[in-house]
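Right, one structure below, let's go through it.
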Amino acid sequence: MLKHIRNFAILFIIAAIGFGWYLSRPDVAQVPLEEMSGPDIDLSDKSPREQSIPTVNIAEVDRWTEDEKPVAAEGLKVERYAEGFDHPRNIYVLPNGDMLVVETNSPPRDSAKGLFARAAAYFQDKAGAGVPSANRITLLRDNDQDGVPEMRSAFLEGLNSPFGVTLVGDTLYVANTDAVLAFPYVEGDTQITAKGKEVAKLNAIAPNNHWTRNVIASPDGTKLYIAVGSNSNIGENGLDTEERRAAILEHDIESGKTRIFASGLRNPVGMSWHGDGSLWTVVNERDMLGSDLVPDYLTKVELADDFGWPHHYWGGYTDLRVEPFKPEKRQYERRPDYALGAHTASLGVVFADGAKLGDKFSSGAFVARHGSWNREPKSGYDVVFVKFDGSKPVGKPINVLTGFLDKDDKAQGRPTSVAIAPDGALLVVDDVANIIWRVSAE
């Protein structure tokens, strides 16, 4: 009898292990990434493959050696602009040519005591992101404009997981994870010691997933636009925790009032103004529908736009995991303008205005695709160019910088943000290698 019980227990354990493996096995992409990129992708035959456990395919870190660098597109060259940062995530170019580098990371989370949070922390360490937030903005100055900054100083410290930075007149706005602060700015100063004034409170309720808050000023300097990602994948933490999240907010500087400008954007990060005056953003879409869905995207955003999250994606496809269903919303939702591939984790975007990288890269937007953690095979880990014909994106993404993954699929670096330097070069922030790369014409 005991022998039978023991044999049954062994079989049960084997079955449990096998079932667990079945549930957690990687979902392999069935279509090439290129097919899920561009302005005219077709999702009608792309059935979601719902996952109870996500595919985990993280690129382990093997940072660049001193003589290594990414691969630049033909006609371009890449070199180190500055290095030795503490997890840089964003860069902002001031009118006088100074650069502000935001060194930051996720704030500490009380939920880190849980099993899921500990697993997430393990994977962050594996991906090179498991470091405390420096909570600092560093200033770089290139006095002789030779493409190499000679001076570096701690410009602002003691922040709370900052990300976005923008200057309006003599006021520097910094988007912490929980609020936008205003600081007095004097051109040429190398440090701000004044305490910031809170101008807009932001929802950072726990667990505060998608913690980055970007900010960009309107061209006339009267408004701020603040990108706030969702607190969850598809609202599983309760939609009451998503108030004024998964959205771009509009803050009127004179009145101090803030409203929702565009909604249904799961995790908008980078923002940039097109020459026609329209605002564009890049958005990270939802997970656990397989390696082919849902594509991250670049899109124009206008007042009252709704892009469907969490109930729908890509202009009306229903996510059956989200209840209650909201079919009545679909007719009011807008389809994004340009797909950037599934799980590419596209973060930074900047239009090519002022860039001097040749005709091929003169009309369009540069996008930093940070790279997937849950797709097989990996996607992103590059900087691409989206060509525009007038006010519309066209064609497939064009490689600008590649080679962030080595021959063993390990991450030598990961691009996060992009900016145009005063001399027309493209600056690329690499948060794993702690380097800022400078891309210029040969």
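Ordered as shown in the structure tokens, chains take letters A, B, and onward, while each chain numbers its residues from 1 and ligands are numbered from 1 in the order shown.
By chain and then residue number, the residues within 8 Å of stretch 71-74 of chain A are Asn399, Val400, Leu401, Thr402, Gly403 and Val439 of chain A, counting only C-alpha atoms and disregarding those fewer than 5 positions away in sequence.
Residues of stretch 78-265 of chain A that DSSP, applied to the backbone, places in alpha helix (DSSP H): Leu115, Phe116, Ala117, Arg118, Ala119, Ala120, Ala121, Tyr122, Phe123, Gln124, Asp125 and Lys126 of chain A.
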Next, the residues of the selection above should be written as a PDB file, in the first residue's frame with C-alpha atoms.
```
ATOM      1  CA  LEU A 115       7.143  36.314  -4.360  1.00  0.00           C
ATOM      2  CA  PHE A 116       6.200  37.948  -7.683  1.00  0.00           C
ATOM      3  CA  ALA A 117       8.050  41.150  -6.783  1.00  0.00           C
ATOM      4  CA  ARG A 118      11.139  39.199  -5.747  1.00  0.00           C
ATOM      5  CA  ALA A 119      11.024  37.362  -9.066  1.00  0.00           C
ATOM      6  CA  ALA A 120      10.680  40.693 -10.896  1.00  0.00           C
ATOM      7  CA  ALA A 121      13.653  42.049  -8.973  1.00  0.00           C
ATOM      8  CA  TYR A 122      15.670  38.981  -9.966  1.00  0.00           C
ATOM      9  CA  PHE A 123      14.885  39.522 -13.639  1.00  0.00           C
ATOM     10  CA  GLN A 124      15.692  43.237 -13.367  1.00  0.00           C
ATOM     11  CA  ASP A 125      19.093  42.319 -11.958  1.00  0.00           C
ATOM     12  CA  LYS A 126      19.584  39.896 -14.816  1.00  0.00           C
TER      13      LYS A 126
END
```
For the contact check between stretch 329-354 of chain A and stretch 35-46 of chain A, emit one row per residue of stretch 329-354 of chain A within 12 Å, containing the shortest atom pair and the distance in Å rounded to one decimal, counting only C-alpha atoms, chain then rising number order, as CSV.
```
residue,atom,partner,partner_atom,distance
A:Arg335,CA,A:Pro39,CA,10.3
A:Pro336,CA,A:Pro39,CA,8.5
A:Asp337,CA,A:Pro39,CA,5.9
A:Tyr338,CA,A:Pro39,CA,4.3
A:Ala339,CA,A:Ser37,CA,4.7
A:Leu340,CA,A:Ser37,CA,4.9
A:Gly341,CA,A:Ser37,CA,4.9
A:Ala342,CA,A:Met36,CA,6.9
A:His343,CA,A:Met36,CA,10.6
A:Thr344,CA,A:Ser37,CA,10.5
```
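Distance-wise, atom CA of A:Ala204 and atom CA of A:Ser263 end up 17.0 Å apart.
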(request) Using DSSP on the backbone coordinates, identify all residues within stretch 138-371 of chain A classified as strand (DSSP E); present the result as a PyMOL selection string. (result) chain A and resi 138-141+151-156+164-168+171-175+179-184+197-201+213-217+223-228+247-252+258-263+267-273+279-284+295-301+305-306+312-313+317-318+338-342+346-351+364-369
